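In what follows, a single structure is set out as structure tokens and then discussed.
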Amino acid sequence: MKTQNVKLPSNRRFGFIFSFIFLVFGIYFFWNESKIYSYLLLALSIGFFLVTSINDKLLGPLNKAWMKLGVLLGMIVSPIVLGVIYFGLFTPIALFMKCFGRDELRLKIKTRSSQWRLRESDETKLGSFSDQF
């Protein structure tokens, strides 16, 4: 995914969101007796709020850099998460089913004259395909 195709949020929204986030973390560190981090984050919150209120166009480069970082992290994290899901969930289930001889897709070659599966008469009623959705 190219970063040029990503639609950026408005600079005003970006500034207010980051101002709020820095405010929340500043209050959190204030309650946990980390005064230096608290004052730094509260100053950042006030700075973002003032810049957003006065001239939000100054936040354009930060907004673009933040979105590029998000796209980069998405390109890195997404394959890792999908790989963990695949190898952590689907592979053990498949191995478990293979140990017990399950063949859900009927891929094993059988020595029959035809690979057609005979259906029972209950499954082929005329009304079985009506109102599917």
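Labels used: A, B, ... for chains in the order of the structure tokens, numbers from 1 for residues in each chain, and numbers from 1 for ligands as shown.
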
Identify all residues of region 40-95 of chain A in alpha helix (DSSP H) (DSSP on the backbone) and supply them as number ranges by chain. A: 40-54, 60-85, 91-95

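Between CA of Arg112 (chain A) and CA of Ala94 (chain A) the interatomic distance comes to 25.7 Å.
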
Just to confirm, what's the straight-line distance from CA of Ala43 (chain A) to CA of Arg13 (chain A) in Å (one decimal)?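 So the answer is 18.8 Å.
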
Atom-to-atom span, CA of Asp131 (chain A) and CA of Leu118 (chain A), Å: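 Separating CA of Asp131 (chain A) from CA of Leu118 (chain A) is a distance of 24.3 Å.
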
My list of candidates is A:Gly88, A:Gly74, A:Gly60, A:Gly47. Which is closest to Phe18 (chain A) when distances are computed with only C-alpha atoms? A:Gly47

Near Ser10 (chain A), within 10 Å and counting only C-alpha atoms, which residues show up once chain neighbours fewer than 3 positions away are dropped, as a VMD selection string? chain A and resid 7 13 to 15 56 to 57 59 to 60 63

Could you take the residues named above and write them with N, CA and C atoms, as a PDB file, in the first residue's frame?
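Output contents, as saved in out33.pdb:
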```
ATOM      1  N   LYS A   7      -5.858   8.472   2.852  1.00  0.00           N
ATOM      2  CA  LYS A   7      -6.492   9.764   3.096  1.00  0.00           C
ATOM      3  C   LYS A   7      -6.150  10.221   4.508  1.00  0.00           C
ATOM      4  N   ARG A  13      -8.256  17.846  13.535  1.00  0.00           N
ATOM      5  CA  ARG A  13      -8.619  16.634  14.273  1.00  0.00           C
ATOM      6  C   ARG A  13      -7.360  15.942  14.824  1.00  0.00           C
ATOM      7  N   PHE A  14      -6.326  15.877  14.003  1.00  0.00           N
ATOM      8  CA  PHE A  14      -5.063  15.278  14.431  1.00  0.00           C
ATOM      9  C   PHE A  14      -4.522  15.992  15.665  1.00  0.00           C
ATOM     10  N   GLY A  15      -4.513  17.320  15.643  1.00  0.00           N
ATOM     11  CA  GLY A  15      -4.000  18.096  16.772  1.00  0.00           C
ATOM     12  C   GLY A  15      -4.806  17.907  18.041  1.00  0.00           C
ATOM     13  N   ASP A  56      -3.563  25.356  12.462  1.00  0.00           N
ATOM     14  CA  ASP A  56      -3.456  23.905  12.355  1.00  0.00           C
ATOM     15  C   ASP A  56      -2.667  23.446  11.131  1.00  0.00           C
ATOM     16  N   LYS A  57      -2.337  24.331  10.223  1.00  0.00           N
ATOM     17  CA  LYS A  57      -1.555  23.947   9.045  1.00  0.00           C
ATOM     18  C   LYS A  57      -0.121  23.573   9.432  1.00  0.00           C
ATOM     19  N   LEU A  59       0.675  21.528  11.624  1.00  0.00           N
ATOM     20  CA  LEU A  59       0.687  20.116  11.982  1.00  0.00           C
ATOM     21  C   LEU A  59       0.669  19.183  10.768  1.00  0.00           C
ATOM     22  N   GLY A  60       0.635  19.732   9.567  1.00  0.00           N
ATOM     23  CA  GLY A  60       0.594  18.923   8.342  1.00  0.00           C
ATOM     24  C   GLY A  60       1.734  17.927   8.230  1.00  0.00           C
ATOM     25  N   ASN A  63       1.270  15.160  10.752  1.00  0.00           N
ATOM     26  CA  ASN A  63       0.140  14.319  10.365  1.00  0.00           C
ATOM     27  C   ASN A  63       0.572  13.312   9.293  1.00  0.00           C
TER      28      ASN A  63
END
```

Env of Phe22 (chain A): 12 Å cut, atoms = only C-alpha atoms, seq-sep filter 4 positions within chain, self excluded. Answer as a short mmCIF file (atom, residue, chain, number, x, y, z; two decimals) with all heavy atoms, in the first residue's frame.
```cif
data_model
loop_
_atom_site.label_atom_id
_atom_site.label_comp_id
_atom_site.auth_asym_id
_atom_site.auth_seq_id
_atom_site.Cartn_x
_atom_site.Cartn_y
_atom_site.Cartn_z
N GLY A 15 -4.51 17.32 15.64
CA GLY A 15 -4.00 18.10 16.77
C GLY A 15 -4.81 17.91 18.04
O GLY A 15 -4.25 17.74 19.13
N PHE A 16 -6.13 17.93 17.92
CA PHE A 16 -6.96 17.76 19.11
C PHE A 16 -6.86 16.35 19.68
O PHE A 16 -6.85 16.17 20.90
CB PHE A 16 -8.42 18.10 18.81
CG PHE A 16 -8.68 19.58 18.71
CD1 PHE A 16 -9.47 20.08 17.69
CD2 PHE A 16 -8.14 20.46 19.62
CE1 PHE A 16 -9.72 21.43 17.59
CE2 PHE A 16 -8.38 21.82 19.54
CZ PHE A 16 -9.17 22.32 18.51
N ILE A 17 -6.75 15.35 18.82
CA ILE A 17 -6.61 13.98 19.30
C ILE A 17 -5.29 13.81 20.06
O ILE A 17 -5.25 13.24 21.15
CB ILE A 17 -6.72 12.97 18.15
CG1 ILE A 17 -8.16 12.88 17.67
CG2 ILE A 17 -6.21 11.59 18.56
CD1 ILE A 17 -8.37 12.05 16.43
N PHE A 18 -4.20 14.31 19.50
CA PHE A 18 -2.92 14.18 20.18
C PHE A 18 -2.87 15.02 21.45
O PHE A 18 -2.26 14.64 22.44
CB PHE A 18 -1.77 14.52 19.24
CG PHE A 18 -1.24 13.31 18.55
CD1 PHE A 18 -1.87 12.82 17.43
CD2 PHE A 18 -0.15 12.64 19.04
CE1 PHE A 18 -1.41 11.69 16.80
CE2 PHE A 18 0.33 11.52 18.42
CZ PHE A 18 -0.30 11.04 17.30
N GLY A 26 -0.50 12.48 30.67
CA GLY A 26 0.05 13.40 31.67
C GLY A 26 -0.65 13.25 33.01
O GLY A 26 0.00 13.23 34.07
N ILE A 27 -1.97 13.13 33.00
CA ILE A 27 -2.71 12.92 34.24
C ILE A 27 -2.37 11.57 34.85
O ILE A 27 -2.21 11.45 36.08
CB ILE A 27 -4.23 13.05 33.97
CG1 ILE A 27 -4.57 14.50 33.62
CG2 ILE A 27 -5.05 12.59 35.16
CD1 ILE A 27 -5.98 14.71 33.13
N TYR A 28 -2.23 10.56 34.02
CA TYR A 28 -1.87 9.22 34.52
C TYR A 28 -0.52 9.25 35.23
O TYR A 28 -0.37 8.72 36.33
CB TYR A 28 -1.84 8.23 33.35
CG TYR A 28 -1.31 6.87 33.73
CD1 TYR A 28 -2.08 5.98 34.45
CD2 TYR A 28 -0.01 6.50 33.38
CE1 TYR A 28 -1.58 4.74 34.82
CE2 TYR A 28 0.49 5.26 33.74
CZ TYR A 28 -0.30 4.39 34.45
OH TYR A 28 0.20 3.17 34.81
N PHE A 29 0.48 9.88 34.61
CA PHE A 29 1.80 9.94 35.24
C PHE A 29 1.80 10.85 36.46
O PHE A 29 2.60 10.66 37.38
CB PHE A 29 2.87 10.37 34.23
CG PHE A 29 3.30 9.28 33.31
CD1 PHE A 29 3.08 9.38 31.95
CD2 PHE A 29 3.92 8.16 33.80
CE1 PHE A 29 3.47 8.38 31.09
CE2 PHE A 29 4.32 7.14 32.94
CZ PHE A 29 4.09 7.26 31.59
N PHE A 30 0.93 11.84 36.49
CA PHE A 30 0.82 12.70 37.67
C PHE A 30 0.32 11.91 38.87
O PHE A 30 0.78 12.08 39.99
CB PHE A 30 -0.11 13.87 37.37
CG PHE A 30 -0.17 14.89 38.45
CD1 PHE A 30 0.86 15.79 38.63
CD2 PHE A 30 -1.25 14.94 39.32
CE1 PHE A 30 0.81 16.73 39.65
CE2 PHE A 30 -1.32 15.87 40.33
CZ PHE A 30 -0.29 16.77 40.49
N TYR A 37 7.71 13.26 33.85
CA TYR A 37 6.94 12.81 32.68
C TYR A 37 5.60 13.52 32.61
O TYR A 37 5.12 13.87 31.53
CB TYR A 37 6.74 11.30 32.70
CG TYR A 37 8.00 10.51 32.59
CD1 TYR A 37 8.31 9.55 33.54
CD2 TYR A 37 8.88 10.70 31.54
CE1 TYR A 37 9.47 8.81 33.45
CE2 TYR A 37 10.04 9.97 31.44
CZ TYR A 37 10.33 9.02 32.39
OH TYR A 37 11.48 8.30 32.29
N SER A 38 5.01 13.74 33.77
CA SER A 38 3.71 14.39 33.81
C SER A 38 3.80 15.81 33.26
O SER A 38 2.99 16.22 32.43
CB SER A 38 3.19 14.41 35.24
OG SER A 38 2.03 15.18 35.33
N TYR A 39 4.77 16.58 33.73
CA TYR A 39 4.91 17.96 33.27
C TYR A 39 5.26 18.02 31.78
O TYR A 39 4.75 18.89 31.06
CB TYR A 39 5.97 18.70 34.09
CG TYR A 39 5.59 18.89 35.53
CD1 TYR A 39 6.53 18.79 36.54
CD2 TYR A 39 4.27 19.18 35.89
CE1 TYR A 39 6.18 18.96 37.87
CE2 TYR A 39 3.91 19.35 37.22
CZ TYR A 39 4.86 19.23 38.19
OH TYR A 39 4.51 19.41 39.50
N LEU A 40 6.09 17.10 31.33
CA LEU A 40 6.45 17.07 29.91
C LEU A 40 5.23 16.78 29.04
O LEU A 40 4.98 17.45 28.03
CB LEU A 40 7.53 16.02 29.67
CG LEU A 40 7.95 15.80 28.21
CD1 LEU A 40 8.69 17.02 27.70
CD2 LEU A 40 8.78 14.57 28.07
N LEU A 41 4.44 15.78 29.43
CA LEU A 41 3.25 15.41 28.64
C LEU A 41 2.18 16.48 28.71
O LEU A 41 1.49 16.74 27.71
CB LEU A 41 2.71 14.07 29.10
CG LEU A 41 3.59 12.87 28.75
CD1 LEU A 41 3.13 11.63 29.47
CD2 LEU A 41 3.61 12.65 27.25
N LEU A 42 2.01 17.12 29.86
CA LEU A 42 1.02 18.20 29.97
C LEU A 42 1.45 19.41 29.12
O LEU A 42 0.61 20.07 28.50
CB LEU A 42 0.81 18.59 31.42
CG LEU A 42 0.07 17.54 32.27
CD1 LEU A 42 0.05 17.95 33.72
CD2 LEU A 42 -1.32 17.31 31.74
N ALA A 43 2.77 19.69 29.08
CA ALA A 43 3.27 20.78 28.23
C ALA A 43 3.04 20.44 26.75
O ALA A 43 2.64 21.32 25.96
CB ALA A 43 4.74 21.03 28.50
N LEU A 44 3.27 19.20 26.36
CA LEU A 44 3.00 18.78 24.98
C LEU A 44 1.51 18.91 24.66
O LEU A 44 1.14 19.33 23.56
CB LEU A 44 3.46 17.35 24.75
CG LEU A 44 4.93 17.14 24.45
CD1 LEU A 44 5.27 15.65 24.46
CD2 LEU A 44 5.29 17.76 23.12
N SER A 45 0.68 18.56 25.62
CA SER A 45 -0.76 18.66 25.41
C SER A 45 -1.18 20.10 25.19
O SER A 45 -1.94 20.41 24.25
CB SER A 45 -1.50 18.08 26.62
OG SER A 45 -2.88 18.30 26.50
N ILE A 46 -0.68 20.99 26.02
CA ILE A 46 -1.01 22.42 25.88
C ILE A 46 -0.44 22.95 24.57
O ILE A 46 -1.10 23.71 23.85
CB ILE A 46 -0.48 23.20 27.09
CG1 ILE A 46 -1.27 22.80 28.35
CG2 ILE A 46 -0.57 24.70 26.86
CD1 ILE A 46 -0.68 23.33 29.64
N GLY A 47 0.78 22.53 24.21
CA GLY A 47 1.39 22.97 22.95
C GLY A 47 0.59 22.52 21.74
O GLY A 47 0.32 23.32 20.83
N PHE A 48 0.18 21.26 21.71
CA PHE A 48 -0.63 20.77 20.60
C PHE A 48 -1.96 21.50 20.54
O PHE A 48 -2.46 21.84 19.46
CB PHE A 48 -0.86 19.26 20.71
CG PHE A 48 0.09 18.44 19.90
CD1 PHE A 48 1.30 18.04 20.42
CD2 PHE A 48 -0.23 18.06 18.61
CE1 PHE A 48 2.18 17.29 19.67
CE2 PHE A 48 0.63 17.30 17.85
CZ PHE A 48 1.85 16.92 18.39
N PHE A 49 -2.56 21.76 21.70
CA PHE A 49 -3.85 22.45 21.73
C PHE A 49 -3.73 23.87 21.20
O PHE A 49 -4.57 24.32 20.40
CB PHE A 49 -4.42 22.45 23.15
CG PHE A 49 -5.79 23.05 23.23
CD1 PHE A 49 -6.89 22.31 22.86
CD2 PHE A 49 -5.97 24.35 23.67
CE1 PHE A 49 -8.17 22.85 22.92
CE2 PHE A 49 -7.23 24.90 23.74
CZ PHE A 49 -8.34 24.15 23.36
#
```
